[in-house]
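Note sheet for the following structure.
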Amino acid sequence: MKKIIFLFAFAFMGISFQTSAQSVLAKNTKRQIVQKKKIRAGVRDGSINKRELRQLKRQKAQINNTRRIARADGVIAPQERRIIKKQNKRLNRSIVRARRS
């Protein structure tokens with residue numbers, strides 16, 4: 001009986017950790033979708049040129065690399081989340097600046 005309770009508790013903890021990690025990823029995915037839309041719109045209307053597009057893609061790749069490294073151990077720590085959030089904010093500012101120039 002103790003084994004069953006222990007296994008149930010362990011499985012529940014595993015599921016709760018998984019859902020919390022997924023919610024963080026979902027928020028970042030929404031942000032990425034919005035960023036892609038802004039970049040596409042800028043390229044379409046001509047406000048973002050090839051050089052700016054290359055720089056924005058490089059920033060996105062750096063964010064994805066940071067996220068992949070943070071996820072490597074299975075848990076994204078609060079400090080890693082802050083770094084990713086800061087990088088995303090910087091990318092958003094870069095997109096706005098590129099579209100305005």
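In the structure tokens, chains take the letters A, B, ... in the order shown, each chain's residues start at 1, and ligands count up from 1 in the order shown.
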Residues of stretch 65-98 of chain A within 10 Å of stretch 42-50 of chain A: nearest atom pair and distance (Å, one decimal) for each, counting only C-alpha atoms, sorted by chain and number, as a tab-separated table?
residue	atom	partner	partner_atom	distance
A:Ile95	CA	A:Gly42	CA	8.5
A:Val96	CA	A:Gly42	CA	9.3
A:Arg97	CA	A:Ile48	CA	9.4
A:Ala98	CA	A:Ile48	CA	5.7
*Within 8 Å of stretch 81-92 of chain A, counting only C-alpha atoms, which residues show up once you throw out same-chain ones fewer than 2 positions away? Write them as a list in words, please.*
Gln35, Leu56, Gln59, Lys60, Ile63, Thr66, Arg67, Ile76, Ala77, Pro78, Gln79, Ser94, Ile95 and Val96 of chain A
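If you look at atom CA of A:Ala70 and atom CA of A:Lys57, they are 19.8 Å away from each other.
Pairwise distance (atom CA of A:Lys30, atom CA of A:Gly74) equals 20.8 Å.
Of note, atom CA of A:Glu52 and atom CA of A:Arg99 are spaced 9.3 Å apart.
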